[in-house]
Every structure is written in C-alpha cells, then in structure tokens.
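Listing of model-v3.txt; format and content: compact mmCIF, C-alpha atoms and all ligand atoms.
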# COMPACT_ATOMS: atom_id res chain seq x y z
CA MET N 1 -156.43 123.19 -177.03
CA ALA N 2 -158.25 126.54 -177.23
CA ASP N 3 -156.81 129.52 -175.40
CA VAL N 4 -157.97 129.72 -171.80
CA LEU N 5 -158.94 132.84 -169.88
CA PHE N 6 -159.11 132.58 -166.11
CA THR N 7 -161.31 135.38 -164.79
CA ASN N 8 -162.19 136.41 -161.28
CA VAL N 9 -159.18 134.73 -159.71
CA ARG N 10 -156.97 135.73 -156.82
CA ILE N 11 -153.46 135.59 -158.23
CA LEU N 12 -150.68 134.25 -156.04
CA ASP N 13 -147.76 134.74 -158.40
CA GLY N 14 -145.10 132.56 -156.75
CA THR N 15 -142.95 135.46 -155.52
CA LEU N 16 -143.54 137.19 -152.20
CA ALA N 17 -145.82 139.75 -153.92
CA HIS N 18 -149.16 140.31 -152.23
CA PRO N 19 -151.97 138.33 -153.93
CA TYR N 20 -154.30 140.38 -156.10
CA ALA N 21 -157.57 139.95 -157.95
CA GLY N 22 -157.24 139.63 -161.68
CA SER N 23 -157.44 137.47 -164.77
CA VAL N 24 -154.92 135.41 -166.72
CA LEU N 25 -154.91 134.56 -170.42
CA VAL N 26 -153.16 131.38 -171.58
CA GLN N 27 -152.32 131.06 -175.28
CA GLY N 28 -150.70 127.85 -176.40
CA ASN N 29 -148.32 126.82 -173.64
CA ARG N 30 -147.60 130.32 -172.31
CA ILE N 31 -149.16 132.92 -170.06
CA ARG N 32 -149.85 135.74 -172.51
CA ALA N 33 -151.49 138.33 -170.27
CA VAL N 34 -151.99 138.94 -166.58
CA GLY N 35 -154.71 141.46 -165.78
CA ARG N 36 -154.22 143.22 -162.48
CA SER N 37 -157.78 144.30 -161.99
CA THR N 38 -161.25 142.96 -162.49
CA ALA N 39 -161.39 144.67 -165.90
CA PRO N 40 -161.63 142.04 -168.65
CA ILE N 41 -158.65 141.31 -170.87
CA SER N 42 -159.33 140.67 -174.51
CA SER N 43 -159.64 137.01 -175.25
CA ALA N 44 -161.54 136.31 -178.46
CA GLY N 45 -162.16 132.59 -178.81
CA ALA N 46 -160.73 131.63 -175.43
CA THR N 47 -162.46 129.20 -173.09
CA VAL N 48 -163.43 131.31 -170.09
CA ILE N 49 -162.98 129.79 -166.65
CA ASP N 50 -164.70 131.90 -164.03
CA GLY N 51 -162.65 131.28 -160.91
CA ALA N 52 -165.28 132.84 -158.63
CA GLY N 53 -162.56 134.04 -156.30
CA ALA N 54 -160.44 130.86 -156.30
CA THR N 55 -156.64 131.18 -156.11
CA LEU N 56 -154.57 130.87 -159.27
CA MET N 57 -150.93 130.02 -158.53
CA PRO N 58 -147.97 128.43 -160.29
CA GLY N 59 -147.71 124.65 -160.39
CA MET N 60 -145.52 123.33 -157.59
CA CYS N 61 -142.08 121.73 -157.87
CA GLU N 62 -140.97 118.69 -155.87
CA ALA N 63 -137.23 119.06 -155.40
CA HIS N 64 -136.34 115.52 -154.24
CA THR N 65 -138.53 112.99 -156.02
CA HIS N 66 -138.39 109.21 -156.08
CA PHE N 67 -141.12 107.93 -158.42
CA SER N 68 -139.72 104.40 -158.06
CA TRP N 69 -140.06 104.21 -154.28
CA ASN N 70 -143.14 101.99 -154.08
CA ASP N 71 -144.63 103.02 -150.73
CA ALA N 72 -142.85 100.07 -149.01
CA ALA N 73 -141.30 100.12 -145.56
CA THR N 74 -137.84 98.83 -146.51
CA LEU N 75 -135.27 99.51 -149.22
CA ALA N 76 -135.23 95.79 -150.09
CA GLN N 77 -138.99 95.81 -150.77
CA ILE N 78 -138.49 98.66 -153.20
CA GLN N 79 -135.48 97.10 -154.90
CA THR N 80 -136.96 93.61 -155.38
CA MET N 81 -140.05 94.79 -157.27
CA PRO N 82 -139.70 93.19 -160.71
CA LEU N 83 -138.71 95.60 -163.45
CA GLU N 84 -141.91 95.32 -165.47
CA GLU N 85 -144.16 96.17 -162.52
CA HIS N 86 -141.70 98.85 -161.50
CA VAL N 87 -141.98 100.73 -164.78
CA LEU N 88 -145.78 100.66 -164.55
CA TRP N 89 -145.60 101.82 -160.95
CA CYS N 90 -143.43 104.83 -161.89
CA ALA N 91 -145.77 105.78 -164.72
CA LYS N 92 -148.74 105.69 -162.36
CA VAL N 93 -146.94 107.76 -159.72
CA ALA N 94 -145.82 110.35 -162.28
CA ARG N 95 -149.43 110.90 -163.27
CA ARG N 96 -150.52 111.18 -159.63
CA TYR N 97 -147.88 113.85 -158.91
CA LEU N 98 -149.07 115.94 -161.81
CA GLU N 99 -152.70 115.64 -160.74
CA ALA N 100 -151.65 116.56 -157.19
CA GLY N 101 -150.35 119.90 -158.47
CA PHE N 102 -146.67 119.06 -158.93
CA THR N 103 -146.03 120.22 -162.48
CA SER N 104 -142.25 119.87 -162.02
CA CYS N 105 -140.21 117.24 -160.19
CA VAL N 106 -136.49 116.88 -159.69
CA GLY N 107 -135.54 113.21 -159.67
CA ALA N 108 -133.39 112.40 -156.65
CA ALA N 109 -132.52 108.76 -157.45
CA CYS N 110 -134.31 105.75 -158.81
CA ALA N 111 -134.24 102.12 -157.77
CA LYS N 112 -133.05 100.56 -161.04
CA PRO N 113 -130.63 102.11 -163.51
CA ARG N 114 -132.97 103.46 -166.19
CA LEU N 115 -136.32 103.92 -164.43
CA ASP N 116 -136.10 107.71 -164.21
CA VAL N 117 -134.78 108.17 -167.73
CA VAL N 118 -137.51 106.01 -169.27
CA ILE N 119 -140.26 107.84 -167.42
CA ARG N 120 -138.86 111.29 -168.29
CA ASN N 121 -138.58 110.32 -171.95
CA ALA N 122 -142.12 108.91 -172.00
CA ILE N 123 -143.49 112.10 -170.42
CA ASN N 124 -141.60 114.31 -172.87
CA ALA N 125 -142.79 112.21 -175.81
CA GLY N 126 -146.41 112.53 -174.68
CA GLN N 127 -146.75 108.78 -174.10
CA ILE N 128 -147.76 109.18 -170.45
CA PRO N 129 -148.91 112.14 -168.37
CA GLY N 130 -146.48 113.44 -165.79
CA PRO N 131 -144.67 116.51 -164.51
CA ARG N 132 -141.71 118.17 -166.17
CA TYR N 133 -139.05 115.82 -164.93
CA LEU N 134 -135.31 115.78 -164.42
CA ALA N 135 -134.12 112.17 -164.37
CA ALA N 136 -131.69 110.91 -161.76
CA SER N 137 -129.30 108.00 -161.57
CA GLN N 138 -129.55 105.27 -158.99
CA GLU N 139 -127.86 106.15 -155.75
CA ILE N 140 -124.11 105.70 -156.02
CA THR N 141 -122.70 104.49 -152.74
CA VAL N 142 -119.84 102.51 -151.19
CA PHE N 143 -119.81 99.16 -149.40
CA GLY N 144 -121.36 99.42 -145.95
CA ALA N 145 -123.07 102.77 -146.58
CA LEU N 146 -126.66 103.78 -147.26
CA GLY N 147 -127.90 101.99 -150.35
CA ASP N 148 -125.56 99.00 -150.14
CA GLU N 149 -128.12 96.26 -149.63
CA THR N 150 -125.96 93.35 -150.76
CA LEU N 151 -125.75 90.41 -148.39
CA PRO N 152 -122.61 88.36 -147.67
CA HIS N 153 -124.13 85.29 -149.34
CA LEU N 154 -125.83 87.32 -152.11
CA PRO N 155 -123.17 89.82 -153.18
CA PHE N 156 -124.90 90.53 -156.51
CA PRO N 157 -125.44 94.10 -157.65
CA GLU N 158 -129.07 93.33 -158.52
CA PHE N 159 -129.83 93.01 -154.82
CA SER N 160 -128.35 96.37 -154.00
CA PHE N 161 -130.48 99.47 -153.75
CA GLY N 162 -127.59 101.65 -154.88
CA VAL N 163 -124.56 101.03 -157.07
CA ASN N 164 -121.50 100.18 -154.97
CA VAL N 165 -118.18 101.66 -156.06
CA THR N 166 -114.68 101.48 -154.61
CA GLY N 167 -112.16 104.07 -155.71
CA ALA N 168 -112.07 106.73 -158.39
CA GLN N 169 -111.98 104.33 -161.33
CA GLU N 170 -115.12 102.46 -160.34
CA MET N 171 -116.84 105.75 -159.60
CA ARG N 172 -115.95 107.03 -163.04
CA LYS N 173 -117.32 103.86 -164.61
CA ALA N 174 -120.63 104.07 -162.72
CA VAL N 175 -121.08 107.77 -163.49
CA ARG N 176 -120.29 107.23 -167.16
CA MET N 177 -122.81 104.40 -167.32
CA PHE N 178 -125.60 106.62 -165.98
CA LEU N 179 -124.57 109.52 -168.22
CA LYS N 180 -124.70 107.13 -171.16
CA TYR N 181 -128.25 106.21 -170.19
CA GLY N 182 -129.18 109.89 -170.31
CA VAL N 183 -129.68 111.03 -166.72
CA ASP N 184 -129.91 114.72 -165.89
CA SER N 185 -128.16 114.27 -162.55
CA ILE N 186 -125.92 111.89 -160.67
CA LYS N 187 -126.82 111.02 -157.07
CA LEU N 188 -124.00 110.44 -154.59
CA ASN N 189 -124.60 109.10 -151.09
CA LEU N 190 -121.98 111.07 -149.19
CA SER N 191 -123.38 110.49 -145.70
CA GLY N 192 -125.12 107.69 -143.91
CA ASP N 193 -128.73 107.64 -142.80
CA ASN N 194 -130.45 106.57 -139.60
CA PHE N 195 -132.67 104.30 -141.69
CA THR N 196 -129.64 102.00 -142.04
CA PRO N 197 -128.20 101.44 -138.55
CA GLN N 198 -124.78 100.35 -139.86
CA SER N 199 -124.29 103.80 -141.40
CA PRO N 200 -126.05 106.44 -139.28
CA ALA N 201 -126.87 109.97 -140.43
CA ASP N 202 -123.89 111.72 -138.88
CA THR N 203 -121.32 109.50 -140.63
CA SER N 204 -119.54 110.23 -143.94
CA TRP N 205 -118.46 107.61 -146.44
CA MET N 206 -116.90 108.68 -149.72
CA THR N 207 -113.34 109.73 -150.29
CA ASP N 208 -112.56 113.06 -151.92
CA GLU N 209 -110.91 111.15 -154.76
CA GLU N 210 -114.18 109.32 -155.47
CA VAL N 211 -116.27 112.49 -155.38
CA ALA N 212 -113.75 114.38 -157.51
CA ALA N 213 -113.81 111.65 -160.16
CA ALA N 214 -117.60 111.74 -160.26
CA MET N 215 -117.68 115.52 -160.57
CA GLN N 216 -115.08 115.56 -163.35
CA GLU N 217 -117.31 113.26 -165.40
CA VAL N 218 -120.45 115.21 -164.53
CA ARG N 219 -118.87 118.51 -165.59
CA MET N 220 -117.45 117.04 -168.78
CA ARG N 221 -120.99 116.16 -169.87
CA GLY N 222 -122.53 119.42 -168.61
CA LYS N 223 -124.75 117.64 -166.09
CA ARG N 224 -125.37 118.07 -162.37
CA ALA N 225 -124.88 116.14 -159.20
CA ALA N 226 -127.00 115.82 -156.08
CA ALA N 227 -125.73 114.63 -152.72
CA HIS N 228 -127.37 112.69 -149.95
CA ALA N 229 -125.61 114.63 -147.19
CA ARG N 230 -126.92 114.48 -143.64
CA SER N 231 -123.62 114.88 -141.77
CA ALA N 232 -121.83 118.23 -141.53
CA GLU N 233 -118.70 116.71 -143.10
CA SER N 234 -120.69 115.42 -146.08
CA VAL N 235 -122.30 118.84 -146.65
CA LYS N 236 -118.85 120.42 -146.65
CA GLN N 237 -117.61 117.74 -149.03
CA ALA N 238 -120.51 118.44 -151.39
CA LEU N 239 -119.70 122.16 -151.35
CA ARG N 240 -115.98 121.53 -151.77
CA HIS N 241 -116.65 119.62 -154.98
CA GLY N 242 -119.23 121.99 -156.44
CA ILE N 243 -122.28 119.77 -156.01
CA GLU N 244 -125.34 121.90 -156.66
CA ILE N 245 -128.19 120.04 -154.98
CA ILE N 246 -127.78 119.10 -151.33
CA TYR N 247 -130.34 116.76 -149.83
CA HIS N 248 -131.01 116.76 -146.07
CA ALA N 249 -128.16 118.86 -144.55
CA SER N 250 -129.39 117.92 -141.06
CA PHE N 251 -126.15 118.39 -139.16
CA THR N 252 -124.27 121.65 -139.57
CA ASP N 253 -121.84 123.79 -137.64
CA GLU N 254 -120.89 127.45 -138.09
CA GLU N 255 -118.29 126.61 -140.71
CA THR N 256 -120.80 124.56 -142.72
CA LEU N 257 -123.42 127.31 -142.51
CA ASP N 258 -120.86 129.92 -143.61
CA LEU N 259 -119.87 127.77 -146.60
CA LEU N 260 -123.52 127.20 -147.54
CA GLU N 261 -124.16 130.93 -147.34
CA GLU N 262 -121.11 131.74 -149.48
CA GLN N 263 -122.50 129.52 -152.24
CA LYS N 264 -126.17 130.38 -151.82
CA GLU N 265 -126.62 131.73 -155.37
CA ARG N 266 -125.51 128.37 -156.75
CA ILE N 267 -126.89 125.70 -154.44
CA PHE N 268 -130.25 124.30 -153.43
CA VAL N 269 -131.05 122.50 -150.19
CA ALA N 270 -133.99 120.07 -150.14
CA PRO N 271 -134.11 118.61 -146.64
CA GLY N 272 -136.96 116.11 -146.94
CA ILE N 273 -137.93 116.64 -143.32
CA ALA N 274 -141.19 114.74 -143.63
CA ILE N 275 -139.44 111.42 -143.24
CA LEU N 276 -137.76 112.51 -139.99
CA TYR N 277 -141.14 113.58 -138.66
CA ALA N 278 -142.84 110.40 -139.85
CA MET N 279 -140.22 108.06 -138.41
CA LEU N 280 -140.66 109.65 -135.00
CA ASN N 281 -144.40 110.10 -135.00
CA GLU N 282 -146.12 107.95 -137.60
CA ALA N 283 -144.15 104.76 -138.26
CA GLU N 284 -145.63 102.58 -135.50
CA PRO N 285 -147.97 100.70 -137.88
CA TRP N 286 -144.80 99.41 -139.58
CA GLY N 287 -143.20 98.32 -136.31
CA ILE N 288 -141.13 101.43 -135.59
CA THR N 289 -142.24 102.90 -132.28
CA ARG N 290 -141.19 106.35 -131.15
CA ALA N 291 -138.74 104.73 -128.71
CA MET N 292 -137.20 102.70 -131.52
CA ALA N 293 -136.96 105.73 -133.80
CA THR N 294 -135.31 107.69 -131.01
CA ASP N 295 -132.87 104.82 -130.53
CA MET N 296 -132.11 104.92 -134.25
CA GLY N 297 -131.12 108.56 -133.82
CA TYR N 298 -134.16 110.28 -135.31
CA GLN N 299 -134.87 112.58 -132.34
CA VAL N 300 -131.29 113.86 -132.33
CA GLU N 301 -131.42 114.37 -136.09
CA TRP N 302 -134.83 116.07 -135.99
CA ASP N 303 -133.57 118.56 -133.39
CA ALA N 304 -130.35 119.18 -135.33
CA ALA N 305 -132.17 119.53 -138.66
CA LEU N 306 -134.59 122.11 -137.29
CA GLU N 307 -131.73 124.17 -135.92
CA SER N 308 -129.71 123.87 -139.15
CA LEU N 309 -132.63 124.70 -141.43
CA ARG N 310 -133.78 127.66 -139.36
CA ALA N 311 -130.25 129.05 -139.58
CA MET N 312 -130.16 128.44 -143.35
CA HIS N 313 -133.50 130.20 -143.73
CA ARG N 314 -132.19 133.21 -141.81
CA ARG N 315 -129.12 133.27 -144.06
CA GLY N 316 -131.20 133.29 -147.23
CA ILE N 317 -130.18 129.85 -148.48
CA ARG N 318 -132.75 128.39 -150.85
CA ILE N 319 -134.60 125.54 -149.14
CA LEU N 320 -137.06 123.59 -151.26
CA PRO N 321 -139.90 121.25 -150.35
CA GLY N 322 -140.17 117.58 -151.09
CA GLY N 323 -138.14 114.56 -150.41
CA ASP N 324 -138.38 110.91 -149.59
CA TYR N 325 -142.07 110.51 -150.21
CA GLY N 326 -142.69 106.99 -151.44
CA PHE N 327 -142.11 105.05 -148.23
CA ALA N 328 -144.95 103.42 -146.28
CA PHE N 329 -144.71 106.15 -143.64
CA THR N 330 -144.43 108.98 -146.21
CA PRO N 331 -146.77 107.91 -149.02
CA HIS N 332 -146.57 109.64 -152.38
CA CYS N 333 -148.61 112.77 -153.08
CA GLN N 334 -148.69 114.13 -149.55
CA ASN N 335 -145.56 116.09 -150.55
CA ALA N 336 -147.14 119.53 -150.10
CA ARG N 337 -147.13 118.76 -146.40
CA ASP N 338 -143.53 120.00 -146.40
CA LEU N 339 -144.83 123.55 -146.82
CA GLU N 340 -146.76 123.24 -143.56
CA PHE N 341 -143.63 121.88 -141.87
CA PHE N 342 -141.61 124.84 -143.18
CA VAL N 343 -144.02 127.21 -141.44
CA LYS N 344 -144.60 125.19 -138.29
CA TYR N 345 -141.01 124.15 -137.56
CA LEU N 346 -138.61 126.29 -139.61
CA GLY N 347 -139.96 129.82 -139.22
CA PHE N 348 -141.13 130.44 -142.79
CA THR N 349 -144.14 132.59 -143.57
CA PRO N 350 -146.76 130.80 -145.72
CA ALA N 351 -145.83 133.05 -148.66
CA GLU N 352 -142.16 132.10 -148.27
CA ALA N 353 -143.10 128.42 -148.17
CA ILE N 354 -145.07 128.76 -151.41
CA ARG N 355 -142.17 130.62 -153.05
CA CYS N 356 -139.97 127.61 -152.23
CA ALA N 357 -142.30 125.39 -154.27
CA THR N 358 -142.84 127.82 -157.15
CA GLN N 359 -140.24 130.51 -157.91
CA TYR N 360 -137.41 128.41 -156.45
CA GLY N 361 -138.87 125.44 -158.30
CA GLY N 362 -138.32 127.22 -161.62
CA GLN N 363 -134.76 127.88 -160.52
CA ILE N 364 -133.91 124.30 -159.56
CA MET N 365 -135.50 123.14 -162.85
CA MET N 366 -132.93 125.46 -164.54
CA ARG N 367 -135.68 127.56 -166.14
CA PRO N 368 -135.95 130.59 -163.82
CA HIS N 369 -136.81 132.92 -166.72
CA GLU N 370 -139.93 130.95 -167.72
CA LEU N 371 -141.06 128.61 -164.97
CA GLY N 372 -142.46 128.95 -161.45
CA GLN N 373 -144.36 132.23 -161.58
CA VAL N 374 -147.68 133.60 -162.81
CA LYS N 375 -146.15 136.16 -165.13
CA GLU N 376 -146.50 137.25 -168.76
CA GLY N 377 -144.42 135.05 -171.04
CA TYR N 378 -143.96 132.27 -168.51
CA LEU N 379 -144.94 128.67 -169.22
CA ALA N 380 -148.56 127.97 -168.33
CA ASP N 381 -148.10 125.61 -165.38
CA LEU N 382 -150.97 126.68 -163.14
CA LEU N 383 -153.11 125.52 -160.24
CA LEU N 384 -156.63 126.70 -159.51
CA VAL N 385 -157.15 126.25 -155.80
CA ASP N 386 -160.39 126.43 -153.84
CA GLY N 387 -159.51 128.72 -150.95
CA ASP N 388 -156.48 130.66 -149.77
CA PRO N 389 -153.28 128.60 -149.38
CA LEU N 390 -151.72 131.49 -147.43
CA ALA N 391 -154.39 131.04 -144.77
CA ASN N 392 -154.32 127.25 -144.87
CA LEU N 393 -151.47 125.46 -146.66
CA SER N 394 -153.04 122.04 -146.09
CA ILE N 395 -155.55 122.65 -148.88
CA LEU N 396 -152.66 122.13 -151.31
CA ARG N 397 -152.67 118.43 -150.46
CA ASP N 398 -156.43 118.00 -150.66
CA PRO N 399 -157.40 116.76 -154.14
CA LYS N 400 -160.90 118.16 -153.69
CA ARG N 401 -159.50 121.67 -153.26
CA LEU N 402 -157.29 121.47 -156.36
CA LEU N 403 -159.95 122.53 -158.84
CA ALA N 404 -157.69 122.43 -161.86
CA VAL N 405 -154.10 121.65 -162.83
CA MET N 406 -152.58 122.94 -166.05
CA LYS N 407 -149.15 121.96 -167.36
CA ASP N 408 -147.67 123.56 -170.47
CA GLY N 409 -151.07 125.03 -171.35
CA GLN N 410 -152.85 121.66 -171.23
CA TRP N 411 -155.26 120.45 -168.58
CA ALA N 412 -153.79 117.75 -166.36
CA LYS N 413 -156.93 118.09 -164.29
CA ALA N 414 -159.69 120.01 -166.01
CA PRO N 415 -161.97 122.23 -163.91
CA GLU N 416 -165.49 121.00 -163.36
CA ILE N 417 -167.76 123.89 -164.08
CA ALA N 418 -170.43 122.33 -161.86
CA ALA N 419 -168.15 122.80 -158.88
CA GLU N 420 -168.22 126.53 -159.38
CA ARG N 421 -170.70 127.23 -156.62
CA PHE N 422 -168.23 125.84 -154.07
CA TRP N 423 -165.38 128.02 -155.21
CA GLY N 424 -164.35 130.96 -153.15
CA ARG N 425 -165.25 129.20 -149.92
CA ALA N 426 -163.10 130.47 -147.08
CA ALA N 427 -160.01 128.36 -146.40
ZN ZN A 501 -134.07 110.72 -151.02
Please go through the file and, once you have read it, give me the structure as structure tokens.
Ligand SMILES: [Zn+2]
Amino acid sequence: MADVLFTNVRILDGTLAHPYAGSVLVQGNRIRAVGRSTAPISSAGATVIDGAGATLMPGMCEAHTHFSWNDAATLAQIQTMPLEEHVLWCAKVARRYLEAGFTSCVGAACAKPRLDVVIRNAINAGQIPGPRYLAASQEITVFGALGDETLPHLPFPEFSFGVNVTGAQEMRKAVRMFLKYGVDSIKLNLSGDNFTPQSPADTSWMTDEEVAAAMQEVRMRGKRAAAHARSAESVKQALRHGIEIIYHASFTDEETLDLLEEQKERIFVAPGIAILYAMLNEAEPWGITRAMATDMGYQVEWDAALESLRAMHRRGIRILPGGDYGFAFTPHCQNARDLEFFVKYLGFTPAEAIRCATQYGGQIMMRPHELGQVKEGYLADLLLVDGDPLANLSILRDPKRLLAVMKDGQWAKAPEIAAERFWGRAA
C-alpha cells in the first residue's frame, strides 16, 4: 500500500494531551511523522486523505474479548454451537471488531479449546481480517462454579462451558494442554457470577493450591493469566498469585483496594460493566425482568462495582473498557459503550476514558512503546472519526461516524472520499 498522509485532522493522541490540529504521515506500517500545525509535511508519493477537521485517534483496544460468544442468552447455547459453525462465527466477529475500530483485542476465554488460537493464527497469517489478538484458553473452573455446565446425567466435558479441574494435578494438566495449543493467556474462574445462581458473584471457588499450580505452569512458559474475579476474596487471591489481568473486581474492601493500588504498575482491571447494566435494564426481551435481575443479585453487584471502580479510578489503577459483549443482551460491537459508562458512572473524564482504550490498550497488549498512541514511530493503528469523541463518546460506536480504520498501515475500512463534505460536522 502507498504511504498515506492524513491532512487537516484534529489529533487525539491517546494520552491526556489536548487535541491539536495537524497532519500524520504513515509509511509502511508505522507513523513516520506527526505535524503539529497546519503546515504540510513532506510526503512525496503518499495518498493524501484530507480529513476536513475529522478526528484522528489511535485504534481502540478491547481488554476482555470473547469472539466465540455467539450473541446467545445462555452459556449452553454458546457451548453447543457445532465446531465448524463456531470457527466461522469467530472469523466473522473478528472482522466486525476491526471494522468497529477495535484494532487490538485481548482474548478473555473462548468456548472450545482452540477457537481463540486458530483465529489469532489466521489473523496473523493474513488469512482473515481481524484485530491484533491475544488468544485465551477456555475458562478453567471447578465443579459447581461458573462455567461448569455439565449435567448429572450428561457429565461429559463437551457439554461444559469451561474445563472442570479438581486439585493441583488436574489444574496443571489443563493449563499445560492450553499452553501446548499456543494460548497467550490462561483464564481462571476464581469467583462465581450472578449469571449462574448456584455460584453467585460474591463467592470464591478455587483453592490456593490450584491457583498456584496454574501460575507455576504459566510462568514456566512465560505466559500470562487472567482471572474472573468478582468477589473481594477472589481479587485478593488473584493478586496473591501474581495474576496480571483481573476481570470484574466488583466487590472490594479497603484491604483489596490497598493491594490493587500496591500492584497498580503491574495489573490491569477490565470490569465489563456493560453486562451488569444490561442485565438490570435491557434483558427483559430474553425473559429477565428487572425484578428477576435484582433477585439474582445484579442490583447489589452494580452498586458495589460502581463504588469499587470509582475508588480504583481515584487510586490510579488502570481500568480498561470491554468485556462480556457477545451475549444477547450485550451484542458484539457495541463495546465502545463502556467508555460512556466510565464517564457516566465511574467519574472519568472523556479524555481519560479514551486513554483507557488507547494508551492503556498498548500496555495490556504488551507493546506500550509502539502501540496505542498517535506518535512518531508507533504502529499505524488509526481511526478517522467524524466529529469529536471528547464531546460525544457515542460516535465511537456508530459505524457511520467511523470514516476509516487502519491497522498496521493497511485499511481495514477505507475512507470514502465522497463522504468528505460531511466530515467536520459538530459531534
Ligand atoms: Zn468474560
């Protein structure tokens, strides 16, 4: 692809820096020059894209992605999708995320052992379009906990959403299996979840021996682990064992918050609050009324999560958007909605919310020196947005307002020059 010069754009660089008018030159897969004025930068042979005042910002990162969740209302409906259809589904979803402006995604668990690995490998090999992707394992869980979907008369692992283990040896075996398949991270279900009434969100399930065995294997292979941890005890357990990615963290106490703060340079929290909101407010078409959701514990968890996450934000703990999109009530590709929730419910400024999806995204993707900012030398993962996301974050989930998406210097969604007259419209 020819070099690309974006001119006349308003640059939102992914840090908290004030946006500025300028131009950006992309050569190959990197940002070569960022002009901080309207003066042209030299660009012989480059394709010029006149942004007409549109916003140029880094591609976003989804920190808790489940490509294989198939927009169903139950775990069983996800798990029983036949493998062949499931692979095609994941490939389609990967492409949709990229076109929706998510140029990076952190896999948070998949529904069959190799779904994430196969999709990551296909993306990296150029076989299918998709974001930069870190592949996860299936959820590893214990009998009776979130993800154990076996039935007494059908005790077969194929019916279970997650892989059930009992004791350190079985944990080691499951972790080694996923590491053999080539995952980037191991997912452990340390707490319950209000979605499964037999194991509610404030309960904890794994023994320290099991978690320690998993982490020994993870470290030996130089990989990472992520924890489903809604209860305070499970968050503490994750921290005790050096788990780097903590999903949910709804229930905390002072001790938990202090421990999170002590480790804030090392850890990431991706709460996935959209599903709590949706269960309470938007799940009625699937038979879950607000009263039922409240009964299931969602109101208590929503209140606790808001308090916990506000405290984490005040303490400077990195909170990232995304999580548990792919259910009927949280369909894929509305993920940028989390940024609005961060502002509305957690006390973030819009610029802070965008930093969570961009600069912090580069960090959780383990490429902070080259990913997640509009900066010379960084990888050219860029969005051209019609309007000002700082004034109206909801435009980030409107396909019509995403004028162009670039990943690694290539168009994932090419700009339509004919649309130029609409650019620069107020948000
Ligand atoms: Zn999840």
(message) Please find the residues contacting ligand ZN 501 (chain A) at a distance of at most 6 Å between atoms, with all atoms listed in the file counted, and report them as a PyMOL selection string.
(response) chain N and resi 108+323-324
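Across the structure, CA of Leu179 (chain N) and CA of Arg221 (chain N) are spaced 7.7 Å apart.
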Please, which residues in region 103-204 of chain N fall within 10 Å of region 84-88 of chain N when counting all atoms listed in the file, and what is the closest atom pair and distance in Å to one decimal for each, ordered by chain then residue number, as CSV?
residue,atom,partner,partner_atom,distance
N:Ala111,CA,N:His86,CA,9.0
N:Lys112,CA,N:His86,CA,8.8
N:Arg114,CA,N:Val87,CA,9.5
N:Leu115,CA,N:Val87,CA,6.5
N:Asp116,CA,N:Val87,CA,9.1
N:Val118,CA,N:Val87,CA,8.2
N:Ile119,CA,N:Val87,CA,7.8
(message) Applying 7 Å and only C-alpha atoms, which residues near region 343-354 of chain N remain after dropping the ones on its own chain fewer than 6 positions away? List them as a PyMOL selection string.
(response) chain N and resi 14+16+306+309-310+390
Create the file for the chosen residues now, containing C-alpha atoms and written as a tab-separated table (two decimals), in the frame of the given file.
chain	number	residue	atom	x	y	z
N	14	GLY	CA	-145.10	132.56	-156.75
N	16	LEU	CA	-143.54	137.19	-152.20
N	306	LEU	CA	-134.59	122.11	-137.29
N	309	LEU	CA	-132.63	124.70	-141.43
N	310	ARG	CA	-133.78	127.66	-139.36
N	390	LEU	CA	-151.72	131.49	-147.43
(message) Please report the interatomic distance between CA of Arg401 (chain N) and CA of Asn335 (chain N) in Å with one decimal.
(response)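 Computing the Euclidean distance for CA of Arg401 (chain N) and CA of Asn335 (chain N) yields 15.3 Å.
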(request) Kindly indicate which residue among N:Gly107, N:Pro321, N:Pro399, N:Gly182 lies nearest to Ala136 (chain N), using all atoms listed in the file for the distances. (result) N:Gly107
(message) Calculated over only C-alpha atoms, which of the candidates N:Glu210, N:Asp303, N:Glu217, N:Asp338 has the smallest distance to Gly272 (chain N)?
(response)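 Ranked by minimum distance to Gly272 (chain N), first place goes to N:Asp338.
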(message) Ranking N:Glu262, N:Ala94, N:Glu233, N:Val374 by minimum distance to Gln127 (chain N) and counting only C-alpha atoms, which one comes first?
(response) N:Ala94
(message) Report, in Å with one decimal, the straight-line distance from CA of Leu239 (chain N) to CA of Ile267 (chain N).
(response)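 Pair CA of Leu239 (chain N) / CA of Ile267 (chain N) returns 8.6 Å.
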(message) Applying 10 Å and all atoms listed in the file, which residues near Ala213 (chain N) remain after dropping the ones on its own chain fewer than 4 positions away? List them as a PyMOL selection string.
(response) chain N and resi 167-173+175+208-209+217-218+241
